[in-house]
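Quick look at structure08.tsv (TSV, C-alpha atoms):
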chain	number	residue	atom	x	y	z
O	17	MET	CA	-12.51	-12.57	-1.10
O	18	ASP	CA	-12.41	-11.01	2.35
O	19	SER	CA	-9.81	-8.36	3.04
O	20	PHE	CA	-7.15	-9.12	5.61
O	21	VAL	CA	-6.80	-6.36	8.20
O	22	PRO	CA	-3.61	-6.54	10.28
O	23	LYS	CA	-4.12	-6.20	14.02
O	24	LYS	CA	-0.49	-5.27	14.69
O	25	CYS	CA	2.33	-3.45	12.97
O	26	VAL	CA	4.75	-5.98	11.48
O	27	TYR	CA	7.68	-3.66	12.24
O	28	CYS	CA	7.22	-2.61	15.87
O	29	GLY	CA	4.32	-4.78	17.06
O	30	GLY	CA	2.14	-1.76	17.90
O	31	ASN	CA	-1.60	-2.37	18.11
O	32	GLU	CA	-2.67	0.87	16.41
O	33	VAL	CA	-2.86	0.57	12.62
O	34	LEU	CA	-4.92	2.86	10.41
O	35	LYS	CA	-6.08	2.09	6.86
O	36	VAL	CA	-4.71	4.71	4.46
O	37	ASN	CA	-4.33	5.23	0.74
O	38	TRP	CA	-0.66	4.90	-0.19
O	39	PHE	CA	0.96	6.68	-3.14
O	40	TYR	CA	2.56	4.21	-5.55
O	41	ARG	CA	5.34	5.75	-7.65
O	42	ASP	CA	7.32	4.71	-10.70
O	43	ASP	CA	11.12	4.51	-10.57
O	44	ASP	CA	11.38	8.12	-11.77
O	45	GLY	CA	9.00	9.36	-9.04
O	46	THR	CA	5.86	9.69	-11.16
O	47	ILE	CA	2.75	8.86	-9.15
O	48	ILE	CA	1.11	5.82	-10.72
O	49	SER	CA	-1.74	5.52	-8.21
O	50	ALA	CA	-2.81	7.32	-5.07
O	51	LYS	CA	-5.29	4.63	-4.04
O	52	ILE	CA	-3.22	1.67	-2.88
O	53	PRO	CA	-4.70	0.33	0.37
O	54	ALA	CA	-2.15	0.09	3.16
O	55	TYR	CA	-2.07	0.14	6.94
O	56	GLU	CA	0.01	2.81	8.67
O	57	CYS	CA	1.32	2.27	12.19
O	58	GLN	CA	0.19	5.02	14.56
O	59	ASN	CA	2.82	4.15	17.18
O	60	MET	CA	5.08	7.12	17.99
O	61	GLY	CA	8.37	6.82	16.15
O	62	CYS	CA	7.27	4.03	13.80
O	63	GLY	CA	4.85	5.18	11.08
O	64	GLU	CA	5.74	2.25	8.82
O	65	HIS	CA	3.27	0.87	6.28
O	66	THR	CA	2.06	-2.71	6.18
O	67	PHE	CA	0.91	-4.03	2.81
O	68	THR	CA	-1.57	-6.86	2.35
O	69	ARG	CA	-2.41	-9.10	-0.58
O	70	GLU	CA	-5.08	-6.56	-1.51
O	71	SER	CA	-2.33	-3.90	-1.63
O	72	MET	CA	-0.09	-6.02	-3.85
O	73	LEU	CA	-2.93	-6.77	-6.28
O	74	ALA	CA	-3.78	-3.05	-6.50
O	75	MET	CA	-0.11	-2.21	-7.19
O	76	GLU	CA	0.04	-4.80	-9.95
O	77	GLU	CA	-3.14	-3.45	-11.56
O	78	ALA	CA	-1.87	0.15	-11.34
O	79	ARG	CA	1.50	-0.81	-12.86
O	80	LYS	CA	-0.20	-2.68	-15.71
O	81	ALA	CA	-2.55	0.24	-16.47
O	82	TYR	CA	0.36	2.72	-16.34
O	83	ARG	CA	2.47	0.68	-18.78
O	84	GLU	CA	-0.47	0.33	-21.20
O	85	LYS	CA	-0.93	4.09	-21.13
O	86	GLU	CA	2.72	4.76	-22.13

In structure tokens, what does this structure look like?
Amino acid sequence: MDSFVPKKCVYCGGNEVLKVNWFYRDDDGTIISAKIPAYECQNMGCGEHTFTRESMLAMEEARKAYREKE
């Protein structure tokens, strides 16, 4: 499966997005994973994160592993 890489920010339409690792937290603020792939807008004043299917799958896997550990 090829990864989808957004060309634009879905919030402001800016053309500068950078792949980053996003911190995924539980409801109480505990970090579940620090390796969720996301794309951060580099446009001044935006900085929002865009999540892809790859991101959502990684979040689901992290949540499942965290619950099994409890």

Shell around region 66-77 of chain O at 6 Å using all atoms listed in the file, local window under 2 positions removed, as a list in words: Ile52, Pro53, Ala54, Tyr55, Arg79 and Lys80 of chain O

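When all atoms listed in the file are used to measure the gap to His65 (chain O), the shortest distance among O:Tyr40, O:Glu32, O:Tyr27, O:Gly45 belongs to O:Tyr27.
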
For a quick check of your reading of the model, name the residues lying within 9 Å of the coordinate (-8.6, -2.3, 6.9), counting only C-alpha atoms, and write them as a PDB file with C-alpha atoms, keeping the file's coordinate frame.
ATOM      1  CA  SER O  19      -9.810  -8.360   3.040  1.00  0.00           C
ATOM      2  CA  PHE O  20      -7.150  -9.120   5.610  1.00  0.00           C
ATOM      3  CA  VAL O  21      -6.800  -6.360   8.200  1.00  0.00           C
ATOM      4  CA  PRO O  22      -3.610  -6.540  10.280  1.00  0.00           C
ATOM      5  CA  VAL O  33      -2.860   0.570  12.620  1.00  0.00           C
ATOM      6  CA  LEU O  34      -4.920   2.860  10.410  1.00  0.00           C
ATOM      7  CA  LYS O  35      -6.080   2.090   6.860  1.00  0.00           C
ATOM      8  CA  VAL O  36      -4.710   4.710   4.460  1.00  0.00           C
ATOM      9  CA  PRO O  53      -4.700   0.330   0.370  1.00  0.00           C
ATOM     10  CA  ALA O  54      -2.150   0.090   3.160  1.00  0.00           C
ATOM     11  CA  TYR O  55      -2.070   0.140   6.940  1.00  0.00           C
TER      12      TYR O  55
END

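CA of Trp38 (chain O) is found 16.8 Å from CA of Val26 (chain O).
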
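Nearest residue to Gly29 (chain O) among O:Lys85, O:Cys57, O:Asp43, O:Ala78 is O:Cys57, counting all atoms listed in the file.
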
In terms of the shortest atom-to-atom distance over all atoms listed in the file, which of O:Arg83, O:Asp42, O:Ser49, O:Cys62 is closest to Cys25 (chain O)? O:Cys62

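Going from CA of Ile47 (chain O) to CA of Gly63 (chain O) covers 20.7 Å.
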
For Gly61 (chain O), work out the shell of residues within 12 Å, counting only C-alpha atoms and skipping chain neighbours fewer than 3 positions away, then give it as JSON, numbers by chain. {"O": [27, 28, 30, 56, 57, 58, 64]}
